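Visitor: Here you go, one structure.
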Amino acid sequence: MNIYIDEAGPFIPPQGNRRYSLVLALIVPRATETSLFYQFLRLRDSWPQQAIEIKGSKLDEQQVAAVVGLLYEHNAIAEYYAIDMSLHPDDVIDEFKLRQASAITASLTPEHDAVAISTLQKDAESLRRLANPLFVQALVSIKLVLDMLDVAINYYAQRLPSELGEFIWTIDRKGHSFTEMERLWSMLMLPIGELRSSLRPYAKVEGFDYTHFAKYEVDEATAEEKMGRHLKWMRETLPSLRPRTEPLRCLDAKRVFTEKRTFDDSKNNLGLQLADIAATALCRALNGNLQISGWKPISRLLIRKKTAPFLQIGKTASGQHPALDEHAAQVWRTLAANSQAMVVEKIGRA
């Protein structure tokens, strides 16, 4: 499967009525992507906006709905997480960021390898220096990517099982340098992804076809020597895993997240342009800048869940989902009510 990651909104305390920012993952099956891109180019060429890159912020409701229709017809799905930046002033983000940076080195002792100590200290310092908007974007992105995998794996295990045999990531770098984005991905995504999958392995449902996904799963008892040692170290060293005595079984996070991954400019990437259109439409909807005829069709790309896709971080977070303003709550309720069921009940899409 091809996974395109894009964000919408500045991830800064609000100016005017722009409260919500979000990150979206657009998942496009390899089996349908060529046809999708061809149809999108034909649609794009019919619009009065004649440009190499079409930005979602420039499209009207009818154009957004037309793009969403193409995505649905080609078996694409989308996942997103949004954050209300009015609840996240700089002092809240600063405090949370410093705590996270300190946690990176909190367990180090002189007995640890010198290279490991140096690397973790550099990672902690890099996190402290990270600009707040990029830090918040990174946190939302990590939460999205880790949870999105659960959805995508089980969705396509029913409909197009061969899509589980390859994960191709394309991330919009939005003017950031390749080095900056690469370091963020490696410093945060891989360790968190590995820990998450060891604590809570990705769900599987009896009767779904995971044959093509098996190569991404590792078991401490049967893993190659190097991987086996690493899993043993995790189980015996990490506080969250220390009570475990049985061999770990988890996702090979490095292989899933980095085997095929690029940071690209959307100007030359149709997948990122499509992700931008979906992300921007949802952001405009939450902020009251797009009519329902433009954003309601996006529900066809979403998978129904019981919880709202809104995050809150830092000292103001209560552990519960943040309270939404009435407009954003209505947008979410409408999208949720018209989204797809995860499980296929009949032949074809749910």
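Letters A, B, ... mark the chains of the structure tokens in the order given; residue numbers begin at 1 per chain; ligand numbers begin at 1, in order shown.
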Give me every helix (DSSP H, G or I) residue in range 118-234 of chain A, going by DSSP on the backbone, as a ChimeraX atom specification.

Guide: /A:118-129,132-159,161-165,178-199,211-216,225-234

Visitor: Counting only C-alpha atoms, what is within 9 Å of Ile142 in chain A, bar same-chain residues fewer than 5 positions away, as a PyMOL selection string?

Guide: chain A and resi 137+147+185+188-189+192-193

Visitor: Using only C-alpha atoms, which of the listed residues (A:Ile5, A:Ala281, A:Ala152, A:Ala65) sits closest to Ala138 in chain A?

Guide: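 Checking each candidate against Ala138 in chain A, we get A:Ile5 as the closest.
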
Visitor: Give me the residues within 9 Å of Ala278 in chain A as a list in words, counting only C-alpha atoms and dropping any in the same chain fewer than 6 places off.

Guide: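 In the requested form, the answer reads Leu24, Leu26, Gly56, Val64, Val67, Val68, Ala78, Trp295 and Ile298 of chain A.
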
Visitor: So which residues touch range 204-219 of chain A within 7 Å, counting only C-alpha atoms, skipping near sequence neighbours fewer than 6 positions away, as a list in words?

Guide: Asn154, Ala157, Gln158, Pro161, Ser162, Leu164, Gly165, Leu248, Arg249, Cys250, Leu251, Asp252 and Val256 of chain A

Visitor: Which one of A:Met85, A:Asp113, A:Trp169, A:Asp276 sits closest to Gln15 in chain A if you count only C-alpha atoms?

Guide: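 Comparing A:Met85, A:Asp113, A:Trp169, A:Asp276 against Gln15 in chain A, the winner is A:Met85.
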
Visitor: Pull the strand (DSSP E) assignments for range 60-304 of chain A out of DSSP run on the backbone, and list those residues as an NGL selection string.

Guide: :A and (77-84 or 168-172 or 217-219 or 249-251 or 261-264)

Visitor: So how far away is CA of Pro191 in chain A from CA of Arg255 in chain A, in Å?

Guide: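 Between CA of Arg255 in chain A and CA of Pro191 in chain A the gap is 12.5 Å.
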
Visitor: Need the shell around range 301-314 of chain A: protein/DNA/RNA residues with any atom at most 9 Å away, counting only C-alpha atoms. Skip same-chain ones fewer than 5 positions apart. Format as number ranges by chain?

Guide: A: 22, 26, 68, 71-72, 75-85, 87-88, 92-97, 136, 139-140, 151, 155, 319-322, 324, 329, 332-333, 335-342

Visitor: Write the residues of the selection above to a file with N, CA and C atoms, as a short mmCIF file (atom, residue, chain, number, x, y, z; two decimals), in the first residue's frame.

Guide:
data_model
loop_
_atom_site.label_atom_id
_atom_site.label_comp_id
_atom_site.auth_asym_id
_atom_site.auth_seq_id
_atom_site.Cartn_x
_atom_site.Cartn_y
_atom_site.Cartn_z
N LEU A 22 -4.29 19.65 11.64
CA LEU A 22 -4.40 18.19 11.61
C LEU A 22 -3.34 17.57 10.72
N LEU A 26 -3.32 9.37 3.78
CA LEU A 26 -4.12 8.86 2.67
C LEU A 26 -3.51 7.54 2.24
N VAL A 68 -12.73 13.48 -3.88
CA VAL A 68 -13.08 12.44 -2.90
C VAL A 68 -13.77 11.27 -3.59
N LEU A 71 -11.16 9.08 -5.14
CA LEU A 71 -10.45 8.29 -4.12
C LEU A 71 -11.29 7.10 -3.66
N TYR A 72 -12.56 7.34 -3.44
CA TYR A 72 -13.45 6.26 -3.01
C TYR A 72 -13.55 5.17 -4.08
N ASN A 75 -10.71 2.65 -4.02
CA ASN A 75 -10.46 1.91 -2.77
C ASN A 75 -9.44 2.55 -1.85
N ALA A 76 -9.32 3.87 -1.91
CA ALA A 76 -8.46 4.59 -0.98
C ALA A 76 -9.22 4.85 0.31
N ILE A 77 -8.50 4.93 1.42
CA ILE A 77 -9.08 5.32 2.70
C ILE A 77 -8.21 6.40 3.32
N ALA A 78 -8.73 7.06 4.34
CA ALA A 78 -7.98 8.13 5.00
C ALA A 78 -8.17 8.02 6.50
N GLU A 79 -7.13 8.43 7.21
CA GLU A 79 -7.16 8.53 8.67
C GLU A 79 -6.57 9.89 9.04
N TYR A 80 -7.07 10.50 10.12
CA TYR A 80 -6.52 11.79 10.54
C TYR A 80 -6.64 11.95 12.04
N TYR A 81 -5.79 12.83 12.58
CA TYR A 81 -5.92 13.33 13.94
C TYR A 81 -5.81 14.84 13.88
N ALA A 82 -6.67 15.51 14.65
CA ALA A 82 -6.68 16.97 14.70
C ALA A 82 -6.38 17.43 16.11
N ILE A 83 -5.93 18.68 16.21
CA ILE A 83 -5.62 19.26 17.52
C ILE A 83 -6.10 20.69 17.55
N ASP A 84 -6.73 21.07 18.64
CA ASP A 84 -7.23 22.44 18.84
C ASP A 84 -6.08 23.26 19.43
N MET A 85 -5.48 24.11 18.61
CA MET A 85 -4.31 24.85 19.06
C MET A 85 -4.65 25.97 20.04
N LEU A 87 -5.97 25.41 22.74
CA LEU A 87 -5.71 24.76 24.03
C LEU A 87 -4.23 24.54 24.27
N HIS A 88 -3.38 24.99 23.34
CA HIS A 88 -1.95 24.68 23.42
C HIS A 88 -1.08 25.92 23.21
N VAL A 92 2.58 25.76 27.46
CA VAL A 92 2.15 24.36 27.61
C VAL A 92 3.03 23.44 26.77
N ILE A 93 3.28 23.84 25.53
CA ILE A 93 4.12 23.01 24.65
C ILE A 93 5.55 22.97 25.15
N ASP A 94 6.09 24.11 25.61
CA ASP A 94 7.47 24.15 26.11
C ASP A 94 7.65 23.17 27.26
N GLU A 95 6.71 23.20 28.21
CA GLU A 95 6.81 22.34 29.39
C GLU A 95 6.75 20.86 29.00
N PHE A 96 5.84 20.53 28.11
CA PHE A 96 5.68 19.14 27.69
C PHE A 96 6.91 18.68 26.89
N LYS A 97 7.42 19.52 26.03
CA LYS A 97 8.59 19.17 25.21
C LYS A 97 9.81 18.93 26.08
N VAL A 136 4.76 19.72 17.78
CA VAL A 136 3.36 19.31 17.87
C VAL A 136 2.96 18.49 16.65
N LEU A 139 4.27 14.98 17.04
CA LEU A 139 3.51 14.16 17.98
C LEU A 139 2.19 13.68 17.38
N VAL A 140 1.49 14.58 16.70
CA VAL A 140 0.23 14.20 16.07
C VAL A 140 0.49 13.17 14.97
N VAL A 151 -5.81 0.17 11.45
CA VAL A 151 -6.96 0.29 10.56
C VAL A 151 -6.64 -0.26 9.18
N TYR A 155 -8.35 -3.42 7.37
CA TYR A 155 -9.24 -3.04 6.27
C TYR A 155 -8.86 -3.79 4.99
N GLY A 319 -6.43 13.30 29.94
CA GLY A 319 -6.50 11.87 29.66
C GLY A 319 -7.77 11.52 28.92
N GLN A 320 -8.74 12.43 28.91
CA GLN A 320 -9.96 12.23 28.16
C GLN A 320 -9.85 12.97 26.84
N HIS A 321 -10.76 12.67 25.92
CA HIS A 321 -10.77 13.41 24.68
C HIS A 321 -11.17 14.85 24.95
N PRO A 322 -10.49 15.82 24.33
CA PRO A 322 -10.77 17.23 24.61
C PRO A 322 -12.19 17.61 24.20
N LEU A 324 -14.91 19.62 22.39
CA LEU A 324 -14.89 20.29 21.09
C LEU A 324 -15.88 21.45 21.09
N ALA A 329 -17.60 19.68 16.71
CA ALA A 329 -18.30 18.48 17.16
C ALA A 329 -19.33 18.03 16.13
N TRP A 332 -17.55 16.40 13.17
CA TRP A 332 -17.12 15.04 13.48
C TRP A 332 -18.30 14.08 13.53
N ARG A 333 -19.40 14.49 14.16
CA ARG A 333 -20.56 13.60 14.26
C ARG A 333 -21.11 13.25 12.87
N LEU A 335 -19.39 13.25 9.98
CA LEU A 335 -18.44 12.36 9.33
C LEU A 335 -18.54 10.94 9.89
N ALA A 336 -18.63 10.83 11.22
CA ALA A 336 -18.70 9.51 11.85
C ALA A 336 -19.96 8.76 11.44
N ALA A 337 -21.07 9.47 11.36
CA ALA A 337 -22.34 8.82 11.04
C ALA A 337 -22.37 8.28 9.62
N ASN A 338 -21.56 8.85 8.74
CA ASN A 338 -21.58 8.44 7.33
C ASN A 338 -20.32 7.70 6.90
N SER A 339 -19.48 7.30 7.85
CA SER A 339 -18.23 6.61 7.52
C SER A 339 -18.47 5.13 7.27
N GLN A 340 -17.43 4.45 6.80
CA GLN A 340 -17.53 3.03 6.46
C GLN A 340 -17.42 2.15 7.70
N ALA A 341 -18.04 1.01 7.65
CA ALA A 341 -17.80 -0.05 8.64
C ALA A 341 -16.48 -0.73 8.32
N MET A 342 -15.77 -1.13 9.36
CA MET A 342 -14.50 -1.82 9.15
C MET A 342 -14.70 -3.19 8.51
#

Visitor: Counting only C-alpha atoms, which of A:Ala101, A:Ile27, A:Leu36, A:Leu231 gets nearest to Phe167 in chain A?

Guide: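 Smallest separation from Phe167 in chain A among the options: A:Ile27.
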
Visitor: Between A:Met148, A:Ser293, A:Tyr4, A:Ile12, which one has atoms that come closest to Asn132 in chain A, using only C-alpha atoms?

Guide: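 The closest residue to Asn132 in chain A is A:Ile12.
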
Visitor: To one decimal place, how far is CA of Lys296 in chain A from CA of Gln39 in chain A in Å?

Guide: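 Value for the CA of Lys296 in chain A-CA of Gln39 in chain A distance: 21.5 Å.
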
Visitor: CA of Leu270 in chain A to CA of Ala66 in chain A: how many Å, to one decimal?

Guide: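 Atom-to-atom, CA of Leu270 in chain A to CA of Ala66 in chain A, that is 15.5 Å.
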
Visitor: Mind running range 81-200 of chain A against range 260-263 of chain A at 7 Å and telling me each contacting residue's nearest atom pair with the distance in Å (one decimal), counting only C-alpha atoms, chain and number ascending, as a Markdown table?

Guide:
| residue | atom | partner | partner_atom | distance |
| --- | --- | --- | --- | --- |
| A:Phe167 | CA | A:Lys260 | CA | 6.7 |
| A:Ile168 | CA | A:Lys260 | CA | 5.0 |
| A:Trp169 | CA | A:Arg261 | CA | 4.5 |
| A:Thr170 | CA | A:Thr262 | CA | 5.0 |
| A:Ile171 | CA | A:Phe263 | CA | 4.7 |
| A:Asp172 | CA | A:Phe263 | CA | 5.8 |
| A:Arg173 | CA | A:Phe263 | CA | 5.7 |
| A:Phe178 | CA | A:Phe263 | CA | 6.5 |

Visitor: Export N, CA and C atoms of the chosen residues as a JSON list (two decimals), in the first residue's frame?

Guide:
[["chain", "number", "residue", "atom", "x", "y", "z"],
["A", 167, "PHE", "N", 4.76, -1.54, 2.39],
["A", 167, "PHE", "CA", 4.35, -0.26, 2.94],
["A", 167, "PHE", "C", 5.26, 0.82, 2.37],
["A", 168, "ILE", "N", 4.71, 1.65, 1.50],
["A", 168, "ILE", "CA", 5.49, 2.69, 0.82],
["A", 168, "ILE", "C", 5.03, 4.04, 1.36],
["A", 169, "TRP", "N", 5.92, 4.70, 2.10],
["A", 169, "TRP", "CA", 5.58, 5.95, 2.78],
["A", 169, "TRP", "C", 6.10, 7.14, 1.98],
["A", 170, "THR", "N", 5.27, 8.15, 1.83],
["A", 170, "THR", "CA", 5.70, 9.42, 1.24],
["A", 170, "THR", "C", 5.20, 10.53, 2.15],
["A", 171, "ILE", "N", 6.13, 11.30, 2.70],
["A", 171, "ILE", "CA", 5.80, 12.33, 3.67],
["A", 171, "ILE", "C", 6.10, 13.70, 3.07],
["A", 172, "ASP", "N", 5.13, 14.60, 3.16],
["A", 172, "ASP", "CA", 5.33, 15.95, 2.66],
["A", 172, "ASP", "C", 6.23, 16.71, 3.63],
["A", 173, "ARG", "N", 7.36, 17.19, 3.15],
["A", 173, "ARG", "CA", 8.29, 17.85, 4.07],
["A", 173, "ARG", "C", 8.02, 19.34, 4.22],
["A", 178, "PHE", "N", 15.45, 17.74, 4.30],
["A", 178, "PHE", "CA", 15.37, 16.28, 4.38],
["A", 178, "PHE", "C", 15.99, 15.79, 5.68]]

Visitor: Neighbours of Leu127 in chain A within 8 Å (only C-alpha atoms; same-chain residues fewer than 3 positions away dropped), as a list of chain:residue names?

Guide: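 Close residues of Leu127 in chain A: A:Lys97, A:Leu98, A:Ala101, A:Asp123, A:Ala124, A:Leu130, A:Phe135.
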
Visitor: Which one of A:Leu290, A:Val344, A:Leu120, A:Ile104 sits closest to Leu59 in chain A if you count only C-alpha atoms?

Guide: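 For Leu59 in chain A, the nearest of the candidates is A:Leu290.
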